[in-house]
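Engineer: I'm passing along final_31.cif; it holds mmCIF, C-alpha atoms.
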```cif
data_work
#
loop_
_atom_site.label_atom_id
_atom_site.label_comp_id
_atom_site.auth_asym_id
_atom_site.auth_seq_id
_atom_site.Cartn_x
_atom_site.Cartn_y
_atom_site.Cartn_z
CA MET N 1 25.93 18.57 5.68
CA SER N 2 22.84 20.40 4.50
CA LEU N 3 19.53 18.63 4.18
CA TYR N 4 16.81 19.00 1.62
CA PRO N 5 14.00 21.28 2.90
CA GLN N 6 11.63 18.30 2.72
CA VAL N 7 13.62 16.61 5.45
CA TRP N 8 14.53 19.42 7.85
CA PHE N 9 11.08 20.98 7.83
CA LEU N 10 9.36 18.15 9.69
CA ARG N 11 12.40 17.72 11.90
CA THR N 12 12.31 21.35 13.05
CA CYS N 13 8.56 21.20 13.64
CA ASN N 14 8.98 18.12 15.80
CA ARG N 15 11.61 19.42 18.20
CA ASP N 16 11.88 22.16 20.82
CA GLY N 17 8.54 21.70 22.48
CA GLY N 18 6.63 21.96 19.24
CA VAL N 19 4.18 19.45 17.88
CA SER N 20 4.95 15.77 17.61
CA ILE N 21 3.97 14.37 14.23
CA ASP N 22 4.72 10.65 14.35
CA LEU N 23 4.38 8.53 11.24
CA ASN N 24 3.80 4.77 11.13
CA HIS N 25 6.87 2.49 10.69
CA GLY N 26 7.00 -1.24 9.95
CA THR N 27 9.57 -3.79 11.14
CA THR N 28 10.57 -7.21 9.77
CA THR N 29 10.09 -8.83 6.38
CA LEU N 30 11.80 -11.88 4.90
CA ALA N 31 11.88 -13.75 1.61
CA PHE N 32 13.89 -16.68 0.30
CA LYS N 33 14.00 -18.94 -2.71
CA PHE N 34 13.98 -22.72 -2.47
CA LYS N 35 13.38 -25.63 -4.78
CA TYR N 36 9.61 -25.22 -4.87
CA GLY N 37 9.45 -21.48 -5.29
CA VAL N 38 9.75 -18.45 -3.03
CA ILE N 39 8.58 -18.00 0.55
CA VAL N 40 7.63 -14.54 1.68
CA ALA N 41 6.99 -13.85 5.37
CA VAL N 42 6.20 -10.62 7.18
CA ASP N 43 5.23 -9.49 10.68
CA SER N 44 2.32 -7.13 11.32
CA ARG N 45 3.50 -4.48 13.69
CA ALA N 46 3.41 -0.71 13.09
CA SER N 47 4.86 1.79 15.55
CA ALA N 48 4.46 5.58 15.57
CA GLY N 49 7.19 7.11 17.69
CA ARG N 50 7.10 5.14 20.94
CA TYR N 51 3.46 4.12 20.55
CA LEU N 52 2.45 0.86 18.88
CA ALA N 53 -0.07 2.00 16.34
CA SER N 54 -1.22 -1.42 15.22
CA ASN N 55 -0.59 -5.16 15.55
CA ASP N 56 -2.27 -6.30 12.36
CA VAL N 57 -0.99 -4.23 9.47
CA ASN N 58 -0.82 -5.85 6.05
CA LYS N 59 2.76 -5.49 4.84
CA VAL N 60 2.45 -7.54 1.68
CA ILE N 61 0.82 -5.99 -1.35
CA GLU N 62 -0.63 -8.45 -3.84
CA ILE N 63 0.36 -6.68 -7.04
CA ASN N 64 -1.10 -9.41 -9.24
CA PRO N 65 -1.48 -13.20 -8.97
CA TYR N 66 2.23 -13.84 -9.60
CA LEU N 67 3.89 -10.76 -8.00
CA LEU N 68 4.12 -9.80 -4.35
CA GLY N 69 5.69 -6.70 -2.81
CA THR N 70 6.70 -6.42 0.84
CA MET N 71 6.92 -3.18 2.81
CA SER N 72 9.08 -2.14 5.72
CA GLY N 73 10.13 1.32 6.84
CA SER N 74 7.56 4.04 6.46
CA ALA N 75 4.09 2.56 6.12
CA ALA N 76 2.65 5.38 4.01
CA ASP N 77 5.57 5.37 1.56
CA GLY N 78 5.31 1.59 1.16
CA GLN N 79 1.55 1.58 0.60
CA TYR N 80 1.52 4.51 -1.79
CA TRP N 81 4.47 3.58 -4.03
CA GLU N 82 3.67 -0.12 -4.23
CA ARG N 83 0.06 0.67 -5.13
CA LEU N 84 1.44 2.92 -7.89
CA LEU N 85 3.75 0.07 -8.94
CA ALA N 86 0.74 -2.26 -9.18
CA LYS N 87 -0.94 0.26 -11.49
CA GLU N 88 2.18 0.48 -13.68
CA CYS N 89 2.45 -3.33 -13.86
CA ARG N 90 -1.16 -3.55 -14.98
CA LEU N 91 -0.64 -0.88 -17.65
CA TYR N 92 2.50 -2.71 -18.87
CA ARG N 93 0.49 -5.91 -19.21
CA LEU N 94 -2.23 -4.14 -21.19
CA ARG N 95 0.16 -2.27 -23.47
CA SER N 96 2.69 -4.97 -24.28
CA ASN N 97 0.43 -8.03 -23.96
CA HIS N 98 2.79 -9.99 -21.74
CA ARG N 99 3.45 -10.05 -17.99
CA ILE N 100 6.09 -7.77 -16.58
CA SER N 101 9.20 -9.58 -15.31
CA VAL N 102 10.13 -9.33 -11.62
CA ALA N 103 13.38 -7.56 -12.47
CA ALA N 104 11.56 -4.97 -14.55
CA ALA N 105 8.94 -4.39 -11.84
CA SER N 106 11.62 -3.80 -9.20
CA LYS N 107 13.49 -1.47 -11.55
CA LEU N 108 10.28 0.53 -12.04
CA LEU N 109 9.97 0.94 -8.26
CA CYS N 110 13.65 1.85 -7.96
CA ASN N 111 13.36 4.57 -10.61
CA MET N 112 10.22 6.00 -8.99
CA MET N 113 12.16 6.34 -5.72
CA LEU N 114 15.19 7.87 -7.45
CA GLY N 115 13.23 11.00 -8.31
CA TYR N 116 12.78 11.65 -4.58
CA ARG N 117 16.31 10.81 -3.51
CA GLY N 118 17.49 12.72 -0.44
CA MET N 119 14.01 13.93 0.46
CA GLY N 120 13.43 11.53 3.31
CA LEU N 121 11.37 8.70 1.85
CA PHE N 122 12.27 5.45 3.56
CA MET N 123 11.21 2.04 2.38
CA GLY N 124 12.75 -1.39 2.56
CA SER N 125 10.89 -3.39 0.00
CA MET N 126 11.24 -6.74 -1.75
CA ILE N 127 9.49 -7.57 -5.00
CA CYS N 128 8.99 -11.32 -5.22
CA GLY N 129 7.61 -13.25 -8.10
CA TRP N 130 7.93 -16.09 -10.49
CA ASP N 131 9.18 -15.61 -14.02
CA LYS N 132 11.82 -17.00 -16.35
CA GLU N 133 14.73 -15.32 -14.46
CA ALA N 134 16.06 -16.35 -11.02
CA GLY N 135 15.20 -15.03 -7.53
CA ARG N 136 17.27 -14.62 -4.33
CA MET N 137 16.98 -14.31 -0.55
CA PHE N 138 16.59 -10.99 1.24
CA SER N 139 15.41 -9.68 4.55
CA THR N 140 14.72 -6.07 5.51
CA GLY N 141 13.66 -4.15 8.56
CA CYS N 142 14.98 -3.88 12.12
CA GLY N 143 14.44 -7.55 12.89
CA SER N 144 16.28 -8.61 9.77
CA SER N 145 19.54 -9.64 11.44
CA TYR N 146 17.69 -12.16 13.60
CA ALA N 147 15.68 -13.38 10.61
CA TYR N 148 18.91 -14.00 8.68
CA GLY N 149 20.22 -16.08 11.59
CA VAL N 150 17.24 -18.42 11.69
CA VAL N 151 17.08 -18.90 7.94
CA ASP N 152 20.83 -19.53 7.65
CA SER N 153 20.62 -22.26 10.26
CA GLY N 154 17.79 -24.16 8.65
CA TYR N 155 17.99 -23.36 4.97
CA ARG N 156 18.64 -26.07 2.39
CA LYS N 157 17.98 -25.41 -1.27
CA ASP N 158 16.13 -28.66 -1.82
CA MET N 159 14.08 -28.75 1.36
CA ALA N 160 10.55 -30.08 1.11
CA VAL N 161 7.53 -27.86 1.01
CA GLU N 162 6.64 -28.75 4.64
CA GLY N 163 10.09 -27.61 5.73
CA ARG N 164 9.36 -24.07 4.63
CA SER N 165 7.23 -23.30 7.65
CA THR N 166 9.84 -24.42 10.17
CA VAL N 167 12.53 -22.28 8.62
CA SER N 168 10.83 -18.96 8.35
CA PRO N 169 9.04 -18.52 11.63
CA LEU N 170 9.15 -14.80 12.21
CA TRP N 171 8.42 -15.46 15.84
CA PHE N 172 12.15 -15.56 16.43
CA PRO N 173 12.93 -11.99 15.45
CA SER N 174 9.62 -10.84 16.97
CA SER N 175 10.32 -12.42 20.35
CA ARG N 176 13.84 -11.06 20.48
CA GLN N 177 12.73 -7.52 19.86
CA GLN N 178 11.64 -5.33 22.69
CA HIS N 179 7.92 -5.87 22.95
CA PRO N 180 6.78 -9.26 21.66
CA SER N 181 3.10 -9.95 22.03
CA HIS N 182 0.20 -10.69 19.74
CA ILE N 183 2.17 -9.98 16.61
CA VAL N 184 0.75 -11.77 13.66
CA SER N 185 3.09 -13.41 11.19
CA VAL N 186 1.82 -13.81 7.63
CA MET N 187 3.36 -16.16 5.08
CA TYR N 188 2.96 -16.49 1.32
CA HIS N 189 4.29 -19.25 -0.96
CA MET N 190 5.09 -18.21 -4.53
CA GLN N 191 4.72 -21.06 -7.02
CA GLN N 192 4.91 -21.31 -10.78
CA ASP N 193 1.22 -20.66 -11.25
CA GLY N 194 1.00 -17.83 -8.74
CA TRP N 195 1.19 -17.18 -5.01
CA ILE N 196 -0.90 -18.69 -2.20
CA LYS N 197 -1.37 -17.28 1.27
CA VAL N 198 -0.17 -20.06 3.55
CA CYS N 199 -0.95 -18.90 7.05
CA LYS N 200 -1.48 -16.02 9.39
CA ASP N 201 -0.32 -16.99 12.89
CA ASP N 202 -0.24 -15.24 16.21
CA VAL N 203 3.41 -15.27 17.19
CA SER N 204 2.79 -15.91 20.89
CA GLU N 205 1.22 -19.25 19.98
CA LEU N 206 3.95 -20.24 17.51
CA ILE N 207 6.60 -20.02 20.21
CA HIS N 208 5.07 -23.00 22.03
CA ARG N 209 5.16 -25.09 18.88
CA TYR N 210 8.86 -24.45 18.31
CA ARG N 211 10.18 -24.18 21.85
CA LYS N 212 11.41 -27.80 22.06
CA GLY N 213 15.13 -27.74 21.42
CA MET N 214 15.23 -23.95 21.50
CA PHE N 215 16.64 -23.45 25.03
CA MET L 1 -1.71 31.03 15.30
CA LEU L 2 1.85 31.73 16.46
CA SER L 3 3.01 29.08 18.87
CA SER L 4 5.13 30.46 21.68
CA ASN L 5 8.12 28.18 22.14
CA THR L 6 8.56 29.06 25.76
CA PHE L 7 8.69 25.45 26.93
CA VAL L 8 11.32 22.80 26.13
CA ASP L 9 10.98 18.99 26.00
CA PRO L 10 8.20 17.78 28.26
CA GLY L 11 9.78 16.24 31.32
CA LYS L 12 12.72 18.64 31.33
CA MET L 13 12.79 21.56 33.79
CA LYS L 14 12.35 24.97 32.24
CA ASP L 15 15.35 27.31 32.47
CA TYR L 16 14.37 30.48 34.28
CA HIS L 17 17.65 32.29 33.89
CA TYR L 18 18.72 34.28 30.89
CA THR L 19 20.46 32.01 28.39
CA GLY L 20 21.08 34.53 25.66
CA PRO L 21 18.99 35.43 22.60
CA VAL L 22 16.79 32.57 21.40
CA GLU L 23 15.34 32.42 17.92
CA HIS L 24 11.62 31.65 17.94
CA ARG L 25 10.71 30.15 14.63
CA PHE L 26 7.22 30.43 13.21
CA SER L 27 5.58 27.01 13.30
CA PRO L 28 2.79 26.40 10.83
CA TYR L 29 1.40 23.71 13.12
CA SER L 30 -0.25 23.82 16.51
CA PHE L 31 -1.79 21.08 18.58
CA ASN L 32 -5.48 21.60 19.31
CA GLY L 33 -6.13 18.41 21.24
CA GLY L 34 -9.15 16.16 21.11
CA THR L 35 -9.75 12.45 20.94
CA VAL L 36 -11.63 10.42 18.36
CA LEU L 37 -12.80 6.83 18.52
CA ALA L 38 -14.54 4.49 16.09
CA VAL L 39 -16.00 1.00 16.55
CA ALA L 40 -17.40 -1.29 13.85
CA GLY L 41 -20.09 -3.85 14.60
CA GLU L 42 -21.92 -6.44 12.54
CA ASP L 43 -24.36 -3.95 11.01
CA PHE L 44 -23.46 -0.63 12.60
CA ALA L 45 -20.52 1.70 13.15
CA ILE L 46 -19.97 4.28 15.87
CA VAL L 47 -17.75 7.35 15.57
CA ALA L 48 -17.34 9.43 18.73
CA SER L 49 -15.27 12.46 19.63
CA ASP L 50 -14.98 14.92 22.45
CA THR L 51 -15.84 18.56 21.74
CA ARG L 52 -13.00 20.47 23.39
CA LEU L 53 -10.75 22.67 21.27
CA SER L 54 -7.64 23.69 23.17
CA GLU L 55 -4.21 25.20 22.62
CA GLY L 56 -1.51 24.99 25.27
CA TYR L 57 -3.26 25.62 28.58
CA SER L 58 -6.22 27.53 27.07
CA ILE L 59 -9.54 26.31 25.77
CA HIS L 60 -10.75 27.91 22.55
CA SER L 61 -14.14 26.24 22.53
CA ARG L 62 -16.12 23.70 24.53
CA ASP L 63 -18.41 22.89 21.61
CA SER L 64 -16.26 21.95 18.65
CA PRO L 65 -17.02 18.33 17.71
CA LYS L 66 -14.52 16.44 15.60
CA CYS L 67 -16.89 14.12 13.75
CA TYR L 68 -17.95 15.19 10.28
CA LYS L 69 -20.67 13.52 8.25
CA LEU L 70 -19.46 12.68 4.74
CA THR L 71 -22.24 10.53 3.26
CA ASP L 72 -25.33 8.75 4.63
CA THR L 73 -23.16 5.78 5.51
CA THR L 74 -19.82 7.36 6.44
CA VAL L 75 -18.56 9.63 9.19
CA ILE L 76 -14.98 10.85 9.63
CA GLY L 77 -13.32 11.88 12.88
CA CYS L 78 -10.33 14.25 12.62
CA SER L 79 -8.12 15.35 15.52
CA GLY L 80 -4.81 17.17 15.69
CA PHE L 81 -4.39 20.62 14.22
CA HIS L 82 -7.83 22.20 13.75
CA GLY L 83 -6.80 24.30 10.74
CA ASP L 84 -5.77 21.22 8.81
CA CYS L 85 -8.91 19.34 9.96
CA LEU L 86 -11.14 22.05 8.48
CA THR L 87 -9.26 22.22 5.17
CA LEU L 88 -9.07 18.46 4.85
CA THR L 89 -12.83 17.99 5.39
CA LYS L 90 -13.53 20.74 2.82
CA ILE L 91 -11.31 18.96 0.30
CA ILE L 92 -12.97 15.59 1.00
CA ASP L 93 -16.44 17.11 0.56
CA ALA L 94 -15.41 18.64 -2.77
CA ARG L 95 -13.94 15.34 -3.99
CA LEU L 96 -17.11 13.49 -2.94
CA LYS L 97 -19.21 15.89 -5.00
CA MET L 98 -16.89 15.50 -8.01
CA TYR L 99 -17.14 11.72 -7.77
CA LYS L 100 -20.93 11.92 -7.51
CA HIS L 101 -21.14 14.10 -10.60
CA SER L 102 -18.85 12.01 -12.75
CA ASN L 103 -19.87 8.52 -11.60
CA ASN L 104 -23.53 9.09 -10.66
CA LYS L 105 -23.17 7.24 -7.38
CA THR L 106 -22.11 7.95 -3.80
CA MET L 107 -18.63 6.92 -2.72
CA THR L 108 -18.44 3.79 -0.57
CA SER L 109 -16.53 3.86 2.73
CA GLY L 110 -13.64 1.83 1.27
CA ALA L 111 -13.35 4.17 -1.68
CA ILE L 112 -13.34 7.24 0.58
CA ALA L 113 -10.57 5.63 2.63
CA ALA L 114 -8.42 4.92 -0.43
CA MET L 115 -9.02 8.46 -1.70
CA LEU L 116 -8.11 10.03 1.65
CA SER L 117 -4.87 8.04 1.63
CA THR L 118 -3.79 9.65 -1.65
CA ILE L 119 -4.96 13.12 -0.55
CA LEU L 120 -2.83 12.84 2.59
CA TYR L 121 0.18 11.45 0.70
CA GLY L 122 -0.02 14.36 -1.74
CA ARG L 123 1.31 16.41 1.16
CA ARG L 124 4.03 13.93 2.11
CA PHE L 125 6.61 16.68 2.62
CA PHE L 126 4.37 19.18 4.45
CA PRO L 127 1.82 16.89 6.08
CA TYR L 128 -1.69 17.58 7.22
CA TYR L 129 -1.28 17.32 10.97
CA VAL L 130 -4.49 15.34 11.36
CA TYR L 131 -5.15 11.89 12.75
CA ASN L 132 -8.16 10.58 10.84
CA ILE L 133 -10.51 7.71 11.54
CA ILE L 134 -13.33 6.86 9.15
CA GLY L 135 -16.32 4.89 10.41
CA GLY L 136 -19.19 3.64 8.33
CA LEU L 137 -20.89 0.78 6.55
CA ASP L 138 -19.25 -1.04 3.66
CA GLU L 139 -21.04 -2.15 0.47
CA HIS L 140 -22.29 -5.29 2.24
CA GLY L 141 -23.82 -3.32 5.10
CA LYS L 142 -21.21 -4.43 7.64
CA GLY L 143 -19.50 -1.94 9.95
CA ALA L 144 -16.09 -0.71 8.80
CA VAL L 145 -13.44 1.42 10.48
CA TYR L 146 -10.40 2.80 8.63
CA SER L 147 -7.57 4.44 10.59
CA PHE L 148 -4.87 6.69 9.11
CA ASP L 149 -1.56 8.23 10.03
CA PRO L 150 -0.82 11.86 9.05
CA VAL L 151 0.69 10.92 5.66
CA GLY L 152 -1.88 8.43 4.48
CA SER L 153 -0.91 4.94 5.60
CA TYR L 154 -4.19 3.21 6.40
CA GLN L 155 -5.83 -0.08 7.19
CA ARG L 156 -9.23 -1.44 8.02
CA ASP L 157 -9.85 -2.16 11.71
CA THR L 158 -12.65 -3.26 14.00
CA TYR L 159 -11.99 -0.46 16.48
CA LYS L 160 -9.48 2.37 16.79
CA ALA L 161 -8.81 5.37 18.97
CA GLY L 162 -6.94 8.44 17.70
CA GLY L 163 -5.91 11.81 19.07
CA SER L 164 -4.49 12.94 22.38
CA ALA L 165 -5.91 10.17 24.60
CA SER L 166 -5.49 7.40 22.01
CA ALA L 167 -2.67 5.67 23.92
CA MET L 168 -4.97 5.48 26.97
CA LEU L 169 -8.08 4.29 25.13
CA GLN L 170 -6.59 1.80 22.66
CA PRO L 171 -5.45 -0.78 25.28
CA LEU L 172 -8.87 -0.59 26.94
CA LEU L 173 -10.59 -1.23 23.62
CA ASP L 174 -8.16 -4.10 22.88
CA ASN L 175 -9.30 -5.68 26.10
CA GLN L 176 -13.05 -5.01 25.98
CA ILE L 177 -13.78 -5.38 22.27
CA GLY L 178 -10.87 -7.53 21.07
CA PHE L 179 -10.82 -9.70 24.23
CA LYS L 180 -7.03 -9.45 24.22
CA ASN L 181 -4.83 -10.24 27.23
CA MET L 182 -7.59 -12.18 28.95
CA GLU L 183 -7.95 -15.89 29.37
CA GLY L 184 -11.01 -18.08 29.47
CA VAL L 185 -13.47 -15.44 28.23
CA GLN L 186 -16.32 -16.04 25.88
CA HIS L 187 -16.09 -13.94 22.73
CA VAL L 188 -19.61 -12.49 22.54
CA PRO L 189 -20.35 -10.34 19.49
CA LEU L 190 -20.76 -6.66 20.27
CA THR L 191 -24.32 -5.30 20.19
CA LYS L 192 -25.03 -1.68 19.28
CA ASP L 193 -26.31 -0.68 22.73
CA LYS L 194 -23.38 -2.29 24.51
CA ALA L 195 -20.96 -0.59 22.11
CA VAL L 196 -22.53 2.86 22.72
CA GLN L 197 -22.36 2.36 26.48
CA LEU L 198 -18.73 1.23 26.24
CA VAL L 199 -17.81 4.29 24.16
CA LYS L 200 -19.40 6.62 26.73
CA ASP L 201 -17.62 4.91 29.64
CA VAL L 202 -14.30 4.96 27.83
CA PHE L 203 -14.51 8.70 27.12
CA ILE L 204 -15.48 9.47 30.70
CA SER L 205 -12.29 7.65 31.75
CA ALA L 206 -10.23 9.54 29.17
CA ALA L 207 -11.57 12.89 30.37
CA GLU L 208 -10.43 12.04 33.90
CA ARG L 209 -6.81 11.57 32.92
CA ASP L 210 -6.16 13.56 29.73
CA VAL L 211 -6.23 17.35 29.98
CA TYR L 212 -7.01 17.84 26.30
CA THR L 213 -10.16 15.69 26.42
CA GLY L 214 -13.40 16.77 28.05
CA ASP L 215 -16.40 19.17 27.98
CA ALA L 216 -18.78 16.96 25.99
CA LEU L 217 -18.89 13.82 23.93
CA ARG L 218 -20.56 13.61 20.53
CA VAL L 219 -21.48 10.06 19.42
CA CYS L 220 -22.56 9.36 15.81
CA ILE L 221 -24.16 5.96 15.24
CA VAL L 222 -24.25 4.81 11.62
CA THR L 223 -26.79 2.14 10.66
CA LYS L 224 -28.62 1.37 7.45
CA GLU L 225 -31.45 3.61 8.68
CA GLY L 226 -29.10 6.58 8.73
CA ILE L 227 -26.89 8.49 11.15
CA SER L 228 -28.15 9.36 14.64
CA GLU L 229 -26.27 11.59 17.07
CA GLN L 230 -26.12 11.77 20.85
CA THR L 231 -24.37 14.31 23.07
CA VAL L 232 -23.18 13.41 26.57
CA PRO L 233 -21.57 15.88 29.00
CA LEU L 234 -18.01 15.21 30.22
CA ARG L 235 -15.77 16.86 32.84
CA LYS L 236 -15.24 20.55 32.20
CA ASP L 237 -11.99 20.96 34.11
#
```
Rewrite the coordinates I just gave you, this time as structure tokens.
Structural biologist:
Amino acid sequence: MSLYPQVWFLRTCNRDGGVSIDLNHGTTTLAFKFKYGVIVAVDSRASAGRYLASNDVNKVIEINPYLLGTMSGSAADGQYWERLLAKECRLYRLRSNHRISVAAASKLLCNMMLGYRGMGLFMGSMICGWDKEAGRMFSTGCGSSYAYGVVDSGYRKDMAVEGRSTVSPLWFPSSRQQHPSHIVSVMYHMQQDGWIKVCKDDVSELIHRYRKGMF
Amino acid sequence: MLSSNTFVDPGKMKDYHYTGPVEHRFSPYSFNGGTVLAVAGEDFAIVASDTRLSEGYSIHSRDSPKCYKLTDTTVIGCSGFHGDCLTLTKIIDARLKMYKHSNNKTMTSGAIAAMLSTILYGRRFFPYYVYNIIGGLDEHGKGAVYSFDPVGSYQRDTYKAGGSASAMLQPLLDNQIGFKNMEGVQHVPLTKDKAVQLVKDVFISAAERDVYTGDALRVCIVTKEGISEQTVPLRKD
């Protein structure tokens, strides 16, 4: 199987005692819909190779007051393309005089990526928002299987707004991954009139709050 | 410069017997070492770097600082491949001038950071092998540090170390400036003099353990009065 030059070039530079160019990667993001809107939760870790580059990266881009985009995978790809998406959404609003729908915004992002297919971009991204069409639940990143488990066990479509914070603690996938410590978990709540940033918690403190009944 | 691929993965023993013909590819990159550090305070920012330029086991220069002054309120530290550092700083200087001519004002630190992110991403498929850290004052006069990866992902920090000894320095800064992994400590705000002393101590430690760091330390202190520089000698071996 032959690779595009864009992919094998960096790979050949990085092996055989050559240089080691490590790029930043993100880990776990989660979003689900419930009766009162959409909850979006992300962790804040970024690793570069085997080194932890940062514990407080912002993986949610606030495209506009009613649209949020999450990033996992390559940090640079996520930041660059979602910033470009935010620009396109703004231009759409100015040209057509109405807000872009969530489906259209995600299609824009998808088509931008399609032009670079096979060249080694990697992004797991969720576009979350509130408009006349429906939303769904998704989770991406290497902690996503654990995040699915927690949400499946506690999710009810009509749960109260307070219930949202007990269902999406990202401390669970964070603590089950290899190096859990001082990871910050950030949560947004998307409502009809826009999103609000709910909380930004240090995961090592959250575990004490939820440990009763866990073991 | 041609890199001689005569060594395999670090940690693996080198084969001294004849294994057959080996193709040595030309690598456009080379690692020239060096460490950069930046700390942001309430009304100041410090950017420091060592001045050693090395390649493999040789030293090209003992006086090649990695901090570059961009504006009166912003300094950038670049480590990695020296060729890309030079080109990148030339490009940033040109873009700063263009901005000044079209907008009639100097770029703020945040704007320079956002611009550098797109410059780096423009080479997503043949990256600049440079680890950048920008230190300076934001529009409100508070210290700001922006750290980057080679393809442009960036964020604002309070402190960051980059370059060859970054993995050694970053945990120490987490502890001393971020008060992480300690219990029952009072979080005192960092003063400028204490920050400068901490930076010097931290580089002296790095020079002890990292072969690519040493010779001298250049510290640039950015305050609203301007940028002042200090040079401190480090281990030469």
Engineer: So the first atom is CA of Phe122 in chain N and the second is CA of Gly73 in chain N; what is the distance between them in Å, to one decimal place?
Structural biologist: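 Answer for the CA of Phe122 in chain N to CA of Gly73 in chain N separation: 5.7 Å.
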Engineer: Translate the PyMOL selection byres ((chain N) within 7 of (chain L)), as applied to the file shown, into an explicit residue set as a list of chain:residue names.
Structural biologist: N:Gln6, N:Cys13, N:Asp16, N:Gly17, N:Val19, N:Ile21, N:Leu23, N:Asn24, N:Val57, N:Ala75, N:Ala76, N:Gln79
Engineer: Which residues are close to Val186 in chain N, i.e. within 8 Å by all atoms listed in the file, leaving aside same-chain residues fewer than 6 positions away? Reply as a count of residues only.
Structural biologist: 9
Engineer: Tell me which residues the PyMOL selection byres ((chain L and resi 216) around 9) grabs here, as a list of chain:residue names.
Structural biologist: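 Output from the PyMOL selection byres ((chain L and resi 216) around 9), applied to this file: L:Ser49, L:Asp50, L:Thr51, L:Arg52, L:Arg62, L:Asp63, L:Pro65, L:Thr213, L:Gly214, L:Asp215, L:Leu217, L:Arg218, L:Thr231, L:Val232, L:Pro233, L:Leu234, L:Arg235, L:Lys236.
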Engineer: For the provided coordinates, the residues matched by the PyMOL selection byres ((chain L and resi 46) around 7) should be stated as a PyMOL selection string.
Structural biologist: chain L and resi 38-40+44-45+47-48+135+219-222
